[in-house]
$ cat structure_8.cif   # mmCIF, C-alpha atoms
data_run
loop_
_atom_site.label_atom_id
_atom_site.label_comp_id
_atom_site.auth_asym_id
_atom_site.auth_seq_id
_atom_site.Cartn_x
_atom_site.Cartn_y
_atom_site.Cartn_z
CA MET A 1 0.00 0.00 0.00
CA ASN A 2 1.31 3.49 -0.75
CA LEU A 3 1.23 6.63 1.38
CA ALA A 4 -1.50 8.22 -0.74
CA SER A 5 -3.92 5.37 0.06
CA VAL A 6 -3.03 5.58 3.77
CA VAL A 7 -3.58 9.35 3.76
CA LYS A 8 -6.96 8.89 2.15
CA ALA A 9 -8.14 5.93 4.24
CA LEU A 10 -7.10 7.45 7.56
CA ASN A 11 -8.02 11.01 6.65
CA LEU A 12 -4.56 12.44 7.36
CA ARG A 13 -3.34 15.98 6.72
CA VAL A 14 -0.22 16.29 4.62
CA ALA A 15 2.10 18.83 6.25
CA CYS A 16 4.85 18.34 3.66
CA GLY A 17 6.16 15.84 1.14
CA GLY A 18 2.97 15.64 -0.93
CA GLU A 19 5.14 14.76 -3.94
CA TYR A 20 6.32 11.50 -2.34
CA LEU A 21 2.97 9.90 -1.62
CA GLU A 22 3.57 7.06 -4.07
CA ARG A 23 6.05 5.61 -1.54
CA THR A 24 5.22 2.16 -0.24
CA VAL A 25 4.28 1.69 3.41
CA LYS A 26 5.38 -1.77 4.52
CA GLY A 27 4.58 -1.49 8.20
CA GLY A 28 4.05 0.83 11.12
CA TYR A 29 6.22 1.81 14.04
CA ALA A 30 4.92 3.75 17.04
CA GLY A 31 7.36 5.37 19.43
CA ASP A 32 8.46 8.60 21.04
CA LEU A 33 11.95 7.66 22.21
CA LEU A 34 14.39 8.41 19.40
CA SER A 35 16.99 5.87 20.50
CA ASP A 36 14.36 3.15 20.48
CA VAL A 37 13.08 4.14 17.04
CA LEU A 38 16.62 4.11 15.71
CA ALA A 39 17.20 0.66 17.15
CA ASN A 40 13.95 -1.08 16.31
CA SER A 41 12.02 0.51 13.46
CA GLY A 42 12.28 -0.79 9.91
CA GLU A 43 12.65 0.44 6.37
CA SER A 44 9.43 1.72 4.79
CA ASP A 45 7.67 1.89 8.15
CA LEU A 46 5.30 4.78 8.68
CA TRP A 47 6.58 6.18 11.96
CA ILE A 48 3.85 7.27 14.37
CA THR A 49 5.07 9.74 17.01
CA ARG A 50 4.13 12.73 19.13
CA GLN A 51 7.60 14.30 18.83
CA THR A 52 7.72 17.37 16.64
CA HIS A 53 11.31 18.60 17.00
CA GLN A 54 13.68 18.53 14.06
CA ASN A 55 15.63 15.42 15.19
CA ILE A 56 12.74 13.25 13.98
CA VAL A 57 13.62 14.04 10.39
CA ALA A 58 17.14 12.69 10.75
CA VAL A 59 15.81 9.51 12.35
CA ALA A 60 13.23 8.95 9.60
CA SER A 61 15.84 9.65 6.96
CA LEU A 62 18.43 7.31 8.48
CA LYS A 63 15.94 4.49 8.83
CA ASP A 64 14.39 5.04 5.40
CA HIS A 65 10.91 5.38 6.81
CA ALA A 66 8.07 5.88 4.35
CA GLY A 67 7.17 8.99 6.35
CA ILE A 68 6.37 10.46 9.75
CA LEU A 69 2.86 10.55 11.15
CA LEU A 70 2.34 13.07 13.95
CA VAL A 71 -0.44 12.32 16.43
CA GLN A 72 -2.68 14.35 18.75
CA GLY A 73 -2.99 17.12 16.20
CA LYS A 74 0.61 18.21 16.66
CA GLU A 75 1.99 20.30 13.82
CA PRO A 76 5.72 19.96 13.09
CA ASP A 77 7.97 22.75 14.40
CA GLY A 78 9.09 25.26 11.77
CA ASP A 79 12.64 23.96 11.49
CA THR A 80 11.33 20.38 11.39
CA LEU A 81 9.22 21.20 8.38
CA GLU A 82 12.11 22.96 6.68
CA LYS A 83 14.40 20.00 7.24
CA ALA A 84 11.80 17.49 6.11
CA VAL A 85 11.27 19.35 2.85
CA LYS A 86 15.02 19.40 2.29
CA GLU A 87 15.47 15.69 3.04
CA GLY A 88 12.33 14.57 1.22
CA ILE A 89 10.53 13.12 4.24
CA PRO A 90 6.73 13.32 4.11
CA ILE A 91 5.12 14.49 7.36
CA LEU A 92 1.49 13.62 7.96
CA VAL A 93 -0.76 14.72 10.82
CA THR A 94 -3.77 13.21 12.60
CA ASP A 95 -5.83 14.48 15.54
CA LEU A 96 -6.05 10.94 16.92
CA PRO A 97 -3.75 9.66 19.66
CA THR A 98 -1.23 6.88 18.98
CA PHE A 99 -3.32 3.89 20.10
CA GLU A 100 -6.25 4.76 17.89
CA ILE A 101 -4.29 5.61 14.73
CA ALA A 102 -1.96 2.64 15.19
CA GLY A 103 -5.01 0.41 15.48
CA ARG A 104 -6.49 1.80 12.27
CA LEU A 105 -3.23 1.63 10.32
CA TYR A 106 -2.68 -1.92 11.53
CA GLY A 107 -6.08 -2.92 10.20
CA LEU A 108 -5.35 -1.21 6.91
CA LEU A 109 -1.97 -2.87 6.39
CA ARG A 110 -2.83 -6.33 7.67
CA GLY A 111 -6.29 -6.45 6.12
CA MET B 1 -13.62 18.35 56.34
CA GLN B 2 -10.26 19.88 57.16
CA TYR B 3 -6.89 18.59 56.20
CA GLU B 4 -3.52 20.15 55.59
CA ASN B 5 -0.18 18.73 54.70
CA SER B 6 3.02 19.99 53.22
CA TYR B 7 5.39 17.97 51.08
CA PRO B 8 8.97 19.03 50.42
CA VAL B 9 10.40 18.35 46.95
CA LYS B 10 14.10 18.34 46.12
CA GLY B 11 15.34 19.71 42.83
CA GLY B 12 17.12 17.15 40.65
CA ASP B 13 15.71 14.20 42.56
CA PHE B 14 14.30 12.47 39.47
CA LYS B 15 14.06 9.07 41.09
CA GLU B 16 11.45 10.32 43.49
CA ALA B 17 9.26 11.99 40.87
CA GLY B 18 5.61 11.13 41.41
CA LYS B 19 5.95 10.25 45.08
CA VAL B 20 4.18 13.37 46.31
CA ALA B 21 1.42 12.91 43.73
CA VAL B 22 0.72 9.41 45.04
CA LEU B 23 0.71 10.71 48.64
CA VAL B 24 -1.70 13.50 47.67
CA LYS B 25 -3.96 10.98 46.00
CA MET B 26 -3.92 8.68 49.02
CA ALA B 27 -4.68 11.55 51.42
CA LEU B 28 -7.63 12.70 49.31
CA LYS B 29 -8.93 9.19 48.91
CA LYS B 30 -8.84 8.70 52.67
CA MET B 31 -10.92 11.84 53.08
CA GLY B 32 -13.54 10.50 50.70
CA VAL B 33 -13.00 13.04 47.91
CA ALA B 34 -14.76 11.95 44.70
CA PRO B 35 -12.44 10.01 42.34
CA GLU B 36 -12.84 12.46 39.45
CA ILE B 37 -11.76 15.40 41.60
CA LEU B 38 -8.95 13.67 43.45
CA ARG B 39 -7.57 12.40 40.16
CA ARG B 40 -7.37 15.93 38.77
CA ALA B 41 -5.72 17.16 41.97
CA ALA B 42 -3.18 14.33 41.90
CA ILE B 43 -2.35 15.02 38.25
CA ALA B 44 -1.75 18.69 39.06
CA ALA B 45 0.42 17.68 42.01
CA TYR B 46 2.40 15.32 39.75
CA GLU B 47 3.08 17.95 37.12
CA SER B 48 4.05 20.46 39.81
CA GLU B 49 6.36 17.95 41.41
CA VAL B 50 8.06 17.18 38.11
CA ASN B 51 8.48 20.90 37.45
CA ILE B 52 10.24 21.46 40.78
CA ILE B 53 12.48 18.42 40.29
CA SER B 54 13.30 19.43 36.74
CA TYR B 55 13.96 23.13 37.14
CA ALA B 56 14.20 24.32 40.76
CA ARG B 57 16.62 23.82 43.66
CA MET B 58 13.85 22.94 46.05
CA GLY B 59 10.19 23.49 46.62
CA THR B 60 7.09 22.69 48.61
CA ILE B 61 3.72 21.36 47.65
CA ARG B 62 1.06 22.29 50.18
CA LEU B 63 -2.28 20.56 50.20
CA GLN B 64 -5.35 22.02 51.87
CA VAL B 65 -8.72 20.32 51.89
CA ARG B 66 -11.96 22.01 52.92
CA ASP B 67 -15.60 21.04 52.54
CA ASP B 68 -16.02 22.88 49.29
CA HIS B 69 -12.56 22.91 47.77
CA ILE B 70 -9.06 21.51 47.53
CA ARG B 71 -6.22 23.92 47.26
CA ILE B 72 -2.67 23.11 46.19
CA ASP B 73 0.02 25.73 46.64
CA VAL B 74 3.34 25.14 44.97
CA GLU B 75 6.33 27.25 45.79
CA ASP B 76 9.87 26.77 44.58
CA GLU B 77 13.27 28.35 44.85
CA GLY B 78 14.72 28.34 41.42
CA PRO B 79 15.36 30.22 38.21
CA GLY B 80 11.79 31.41 37.87
CA ILE B 81 10.05 31.88 34.55
CA GLU B 82 10.85 34.91 32.45
CA ASP B 83 7.97 34.71 30.02
CA ILE B 84 4.96 33.03 31.62
CA GLU B 85 2.82 33.34 28.51
CA LEU B 86 5.45 31.44 26.54
CA ALA B 87 5.81 28.81 29.28
CA MET B 88 2.05 28.25 29.17
CA ARG B 89 2.11 27.53 25.45
CA PRO B 90 1.40 23.85 24.75
CA GLY B 91 4.55 22.14 23.57
CA TYR B 92 6.92 24.85 24.77
CA SER B 93 9.64 23.27 26.88
CA THR B 94 13.12 23.98 28.19
CA ALA B 95 13.55 20.38 29.35
CA THR B 96 16.95 18.71 29.28
CA GLU B 97 17.61 15.30 27.73
CA LEU B 98 17.57 13.78 31.23
CA ILE B 99 14.02 14.98 31.81
CA ARG B 100 12.89 13.71 28.42
CA GLU B 101 14.39 10.27 29.01
CA LEU B 102 12.25 9.97 32.08
CA GLY B 103 9.24 10.58 29.88
CA PHE B 104 8.60 14.18 30.82
CA GLY B 105 9.39 17.55 29.31
CA ALA B 106 6.86 17.48 26.50
CA GLY B 107 5.89 21.05 27.25
CA MET B 108 2.49 20.15 28.63
CA GLY B 109 3.03 20.51 32.39
CA LEU B 110 1.63 23.95 33.15
CA VAL B 111 -0.99 23.55 30.45
CA ASN B 112 -2.14 20.31 32.00
CA ILE B 113 -2.22 21.78 35.52
CA LYS B 114 -4.40 24.60 34.26
CA SER B 115 -6.78 22.35 32.36
CA CYS B 116 -7.14 20.02 35.37
CA SER B 117 -7.97 22.79 37.83
CA ASP B 118 -10.98 25.02 38.42
CA GLU B 119 -8.78 28.01 39.22
CA PHE B 120 -5.13 28.48 38.43
CA GLU B 121 -2.73 31.28 39.20
CA ILE B 122 0.95 31.48 38.42
CA THR B 123 3.43 34.10 39.53
CA SER B 124 7.14 34.01 39.02
CA GLU B 125 10.17 36.04 39.91
CA VAL B 126 13.29 35.51 37.81
CA ASN B 127 16.18 34.08 39.88
CA GLN B 128 13.85 33.65 42.86
CA GLY B 129 11.20 31.13 42.06
CA THR B 130 7.72 30.30 40.90
CA LYS B 131 4.42 30.06 42.77
CA LEU B 132 1.32 28.21 41.68
CA ARG B 133 -2.08 28.42 43.32
CA ILE B 134 -4.31 25.63 42.12
CA LEU B 135 -7.92 25.25 43.18
CA PHE B 136 -10.41 22.43 42.76
CA ARG B 137 -14.02 22.99 43.74
CA ILE B 138 -15.92 20.23 45.50
CA PRO B 139 -19.58 20.44 44.50
CA GLU B 140 -22.13 20.00 47.28
CA THR B 141 -23.60 16.55 47.31
CA GLY B 142 -27.25 16.17 48.31
CA MET C 1 -12.48 -8.05 27.55
CA THR C 2 -10.53 -8.79 30.71
CA LEU C 3 -6.85 -8.26 31.48
CA PHE C 4 -6.51 -11.99 31.04
CA ASP C 5 -7.64 -11.59 27.41
CA VAL C 6 -5.18 -8.71 26.94
CA MET C 7 -2.40 -10.97 28.15
CA ASP C 8 -3.49 -13.66 25.76
CA ILE C 9 -3.79 -11.36 22.72
CA LEU C 10 -0.37 -9.82 23.36
CA ASP C 11 1.30 -13.07 24.29
CA ALA C 12 2.37 -11.18 27.40
CA LYS C 13 3.97 -12.30 30.61
CA LEU C 14 2.32 -11.18 33.82
CA LEU C 15 4.78 -9.53 36.20
CA VAL C 16 2.45 -8.08 38.84
CA GLY C 17 -1.25 -8.35 39.62
CA ARG C 18 -2.47 -11.95 39.33
CA LYS C 19 -5.46 -11.12 41.54
CA LEU C 20 -6.65 -8.37 39.19
CA LEU C 21 -6.74 -10.33 35.93
CA ASN C 22 -10.53 -10.37 35.83
CA THR C 23 -10.66 -6.57 35.59
CA LYS C 24 -12.68 -5.53 32.52
CA VAL C 25 -11.11 -3.10 30.06
CA ASP C 26 -12.35 -1.55 26.84
CA THR C 27 -10.05 1.42 26.23
CA ALA C 28 -6.30 1.96 25.90
CA PHE C 29 -3.66 4.64 25.57
CA SER C 30 -0.24 4.19 23.96
CA ALA C 31 2.69 6.53 24.68
CA ASP C 32 6.34 6.72 25.55
CA LEU C 33 5.90 10.10 27.20
CA LEU C 34 4.39 10.36 30.67
CA SER C 35 3.54 13.99 29.97
CA ASP C 36 1.03 12.76 27.41
CA VAL C 37 -0.24 10.01 29.66
CA LEU C 38 -0.91 12.56 32.40
CA ALA C 39 -2.66 14.84 29.94
CA TYR C 40 -4.74 12.39 27.96
CA ALA C 41 -5.02 8.89 29.47
CA ARG C 42 -8.31 8.05 31.15
CA PRO C 43 -9.18 5.93 34.22
CA GLY C 44 -9.76 2.25 33.60
CA SER C 45 -7.64 2.20 30.43
CA VAL C 46 -4.75 -0.07 29.59
CA LEU C 47 -1.49 1.88 29.25
CA LEU C 48 0.92 0.59 26.60
CA THR C 49 4.41 2.01 26.88
CA GLY C 50 8.10 1.41 26.35
CA LEU C 51 9.01 3.15 29.60
CA THR C 52 9.92 0.97 32.57
CA ASN C 53 10.81 3.41 35.36
CA PRO C 54 8.87 3.66 38.65
CA GLN C 55 7.31 6.90 37.39
CA VAL C 56 5.16 4.83 35.03
CA VAL C 57 3.62 3.09 38.02
CA ARG C 58 3.09 6.33 39.93
CA THR C 59 1.47 7.84 36.85
CA ALA C 60 -0.78 4.81 36.42
CA SER C 61 -1.77 4.99 40.07
CA VAL C 62 -2.61 8.68 39.95
CA LEU C 63 -4.76 8.14 36.85
CA ASP C 64 -6.43 4.88 37.99
CA ILE C 65 -5.05 3.03 34.98
CA ALA C 66 -6.27 -0.60 34.87
CA ALA C 67 -2.95 -2.11 33.83
CA ILE C 68 0.44 -1.30 32.35
CA VAL C 69 1.65 -3.21 29.30
CA ILE C 70 5.38 -2.84 28.77
CA VAL C 71 6.20 -3.33 25.09
CA ARG C 72 9.30 -4.12 22.99
CA GLY C 73 10.44 -6.97 25.24
CA LYS C 74 11.65 -4.66 27.98
CA ILE C 75 11.79 -5.93 31.54
CA PRO C 76 11.19 -3.29 34.19
CA PRO C 77 13.64 -2.89 37.08
CA ALA C 78 12.82 -4.54 40.43
CA GLU C 79 12.02 -1.15 41.93
CA THR C 80 9.21 -0.62 39.41
CA LEU C 81 7.72 -4.03 40.16
CA ARG C 82 7.94 -3.48 43.92
CA LEU C 83 6.08 -0.21 43.57
CA ALA C 84 3.44 -1.82 41.35
CA GLU C 85 2.84 -4.49 44.02
CA GLU C 86 2.51 -1.80 46.63
CA LEU C 87 0.14 0.39 44.61
CA GLU C 88 -1.70 -2.64 43.17
CA ILE C 89 -1.16 -1.85 39.50
CA PRO C 90 -0.97 -4.92 37.24
CA ILE C 91 2.04 -4.99 34.92
CA MET C 92 2.58 -7.30 31.97
CA ALA C 93 5.39 -7.43 29.43
CA THR C 94 5.15 -8.29 25.74
CA HIS C 95 7.77 -8.73 23.06
CA TYR C 96 5.57 -7.03 20.50
CA ILE C 97 6.35 -3.45 19.54
CA LEU C 98 3.95 -0.66 20.43
CA PHE C 99 2.43 -0.59 16.93
CA GLU C 100 1.73 -4.31 16.86
CA SER C 101 0.41 -4.34 20.43
CA SER C 102 -1.93 -1.41 19.75
CA GLY C 103 -3.07 -2.99 16.49
CA ARG C 104 -3.83 -6.35 18.06
CA LEU C 105 -5.89 -4.87 20.89
CA TYR C 106 -7.69 -2.54 18.48
CA ARG C 107 -8.58 -5.47 16.25
CA HIS C 108 -10.13 -7.18 19.26
CA GLY C 109 -12.36 -4.21 19.97
CA ILE C 110 -10.35 -2.08 22.37
CA VAL C 111 -10.63 1.60 21.39
CA GLY C 112 -8.57 4.67 22.21
CA CYS C 113 -9.48 6.18 25.60
CA ILE C 114 -9.81 9.52 23.86
CA GLN C 115 -10.68 9.90 20.22
CA LYS C 116 -9.21 13.32 19.61
CA VAL C 117 -7.17 15.87 21.41
CA GLY C 118 -9.50 18.78 22.02
CA ALA C 119 -8.83 21.75 19.81
CA ASP C 120 -9.17 24.03 22.85
CA GLU C 121 -6.21 22.36 24.53
CA ILE C 122 -4.09 23.10 21.51
CA VAL C 123 -5.16 26.62 20.76
CA ALA C 124 -6.86 28.32 23.69
CA LEU C 125 -3.84 29.04 25.87
#
$ encode --input "structure_8.cif" --output "structure tokens"
Amino acid sequence: MNLASVVKALNLRVACGGEYLERTVKGGYAGDLLSDVLANSGESDLWITRQTHQNIVAVASLKDHAGILLVQGKEPDGDTLEKAVKEGIPILVTDLPTFEIAGRLYGLLRG
Amino acid sequence: MQYENSYPVKGGDFKEAGKVAVLVKMALKKMGVAPEILRRAAIAAYESEVNIISYARMGTIRLQVRDDHIRIDVEDEGPGIEDIELAMRPGYSTATELIRELGFGAGMGLVNIKSCSDEFEITSEVNQGTKLRILFRIPETG
Amino acid sequence: MTLFDVMDILDAKLLVGRKLLNTKVDTAFSADLLSDVLAYARPGSVLLTGLTNPQVVRTASVLDIAAIVIVRGKIPPAETLRLAEELEIPIMATHYILFESSGRLYRHGIVGCIQKVGADEIVAL
């Protein structure tokens, strides 16, 4: 499944990276501790997090995530957005908290 | 109903974070305060406690219970807050990595205290400290 | 469902709280930040987290959380378990990641303890 279908099915806002929505989402990873995400997340995961500071872009980029999904209606900080545009990392936003959006994405990906 | 207690909190004592909040909760429970109200008071105490530990040298959390309200006064000796409006902005935080590793410092503390309480007042003096006055009303029960 | 079902669905190991396994739960909250738990988690919910420090237990106690599920195969320190015994908060540990754990519970009918973060909390202050 690609990002565009996920955005549509889960009604996500696209904060940046709209041109990369054909990217494949293989799985999901939910986490707010950067060291943990670095250690355990996988390539092409859509990373669900409540962190909005600019370090998330480097993590997503290093781990080749499909994109970052911010929860609880949190908009990315200004410098985060700037960095994400530069590194080509899509940032999506939902008003839902992690449990709920993870549950929905799980259902979408696993059928 | 009358109850008063004062709990000292030491700055930098991260291991103990949450201890006062649990004590506040237990005290209120013992007095028969309704769960919804005592939960809000304990959350406010928790956030206040974490603030003192994270930013101040030392502080005190004072709990007062009366028939119609609970009052929590927080007073610390510390750096104070220069721009209170900014500090009250959701997501704004000056937390260190240590605080974040513990799971705090998301910039929601003061915001959460305010949204939990029925009345909230904050005053701060730079290089002196910060004072919070937090009030929870107890509605009359038939 | 009961905490026993949660354990079963997450293939989790019970660390504290055998007596409370019949507790009924129907909502959950997932987070690695206690700030968010304090702001948004609701009483009676299951808390899924990767944190293992004693603060998790104190937070759960203050919020009347039904149980803590520690994800990603982490084992909490003895101090955390001691405190959980004392404050009577069930703790279980699963090897599944937070995403998988949330997904599995959601599939079995558990819903988020809040559906949305109120716009007023974001903007009003």
$ interface_residues --input "structure_8.cif" --of "chain A" --to "chain B" --cutoff "12 Å" --atoms "only C-alpha atoms" --output "PDB file with C-alpha atoms, in the frame of the given file"
ATOM      1  CA  GLY A  31       7.360   5.370  19.430  1.00  0.00           C
ATOM      2  CA  ASP A  32       8.460   8.600  21.040  1.00  0.00           C
ATOM      3  CA  LEU A  33      11.950   7.660  22.210  1.00  0.00           C
ATOM      4  CA  LEU A  34      14.390   8.410  19.400  1.00  0.00           C
ATOM      5  CA  SER A  35      16.990   5.870  20.500  1.00  0.00           C
ATOM      6  CA  ASP A  36      14.360   3.150  20.480  1.00  0.00           C
ATOM      7  CA  ARG A  50       4.130  12.730  19.130  1.00  0.00           C
ATOM      8  CA  GLN A  51       7.600  14.300  18.830  1.00  0.00           C
ATOM      9  CA  THR A  52       7.720  17.370  16.640  1.00  0.00           C
ATOM     10  CA  HIS A  53      11.310  18.600  17.000  1.00  0.00           C
ATOM     11  CA  GLN A  72      -2.680  14.350  18.750  1.00  0.00           C
ATOM     12  CA  GLY A  73      -2.990  17.120  16.200  1.00  0.00           C
ATOM     13  CA  LYS A  74       0.610  18.210  16.660  1.00  0.00           C
ATOM     14  CA  GLU A  75       1.990  20.300  13.820  1.00  0.00           C
ATOM     15  CA  PRO A  76       5.720  19.960  13.090  1.00  0.00           C
ATOM     16  CA  ASP A  77       7.970  22.750  14.400  1.00  0.00           C
TER      17      ASP A  77
END
$ atom_distance --input "structure_8.cif" --atom1 "atom CA of B:Glu36" --atom2 "atom CA of B:Glu119"
16.1 Å
$ interface_residues --input "structure_8.cif" --of "chain C" --to "chain B" --cutoff "10 Å" --atoms "only C-alpha atoms" --output "PyMOL selection string"
chain C and resi 31-40+43+50-64+87+120-125
$ interface_residues --input "structure_8.cif" --of "chain C" --to "chain A" --cutoff "12 Å" --atoms "only C-alpha atoms" --output "PyMOL selection string"
chain C and resi 27-37+39-41+45-51+71-74+95-123
$ atom_distance --input "structure_8.cif" --atom1 "atom CA of A:Ala66" --atom2 "atom CA of A:Gly111"
19.0 Å
$ atom_distance --input "structure_8.cif" --atom1 "atom CA of B:Glu121" --atom2 "atom CA of B:Arg133"
5.1 Å
$ resolve_selection --input "structure_8.cif" --expression "the PyMOL selection byres ((chain B and resi 78) around 7)" --output "ChimeraX atom specification"
/B:55-57,76-77,79-80,127-129
$ residues_around --input "structure_8.cif" --residues "C:Met1" --least-positions-apart "2" --cutoff "9 Å" --atoms "only C-alpha atoms" --output "list in words"
Leu3, Phe4, Asp5, Val6, Asn22, Thr23, Lys24, Val25, Asp26, His108, Gly109 and Ile110 of chain C
$ resolve_selection --input "structure_8.cif" --expression "the PyMOL selection byres ((chain C and resi 15) around 12)" --output "MDAnalysis selection string"
chainID C and resid 7 12:14 16:21 67:70 74:78 80:85 88:94
$ axis_aligned_box --input "structure_8.cif" --around "stretch 59-63 of chain A" --padding-each-side "5 Å" --output "JSON"
{"center_x": 15.8, "center_y": 7.1, "center_z": 9.7, "size_x": 15.2, "size_y": 15.2, "size_z": 15.4}
$ resolve_selection --input "structure_8.cif" --expression "the PyMOL selection byres ((chain A and resi 25) around 9)" --output "PyMOL selection string"
chain A and resi 1-3+6+23-24+26-28+43-46+65-67+109
$ residues_around --input "structure_8.cif" --residues "B:Pro8" --least-positions-apart "5" --cutoff "8 Å" --atoms "all atoms listed in the file" --output "compact mmCIF listing (two decimals) with C-alpha atoms, in the frame of the given file"
# COMPACT_ATOMS: atom_id res chain seq x y z
CA MET B 58 13.85 22.94 46.05
CA GLY B 59 10.19 23.49 46.62
CA THR B 60 7.09 22.69 48.61
CA ILE B 61 3.72 21.36 47.65
$ residues_around --input "structure_8.cif" --residues "B:Ala34" --least-positions-apart "2" --cutoff "12 Å" --atoms "all atoms listed in the file" --output "number ranges by chain"
B: 25, 28-32, 36-41, 68-70, 136-141
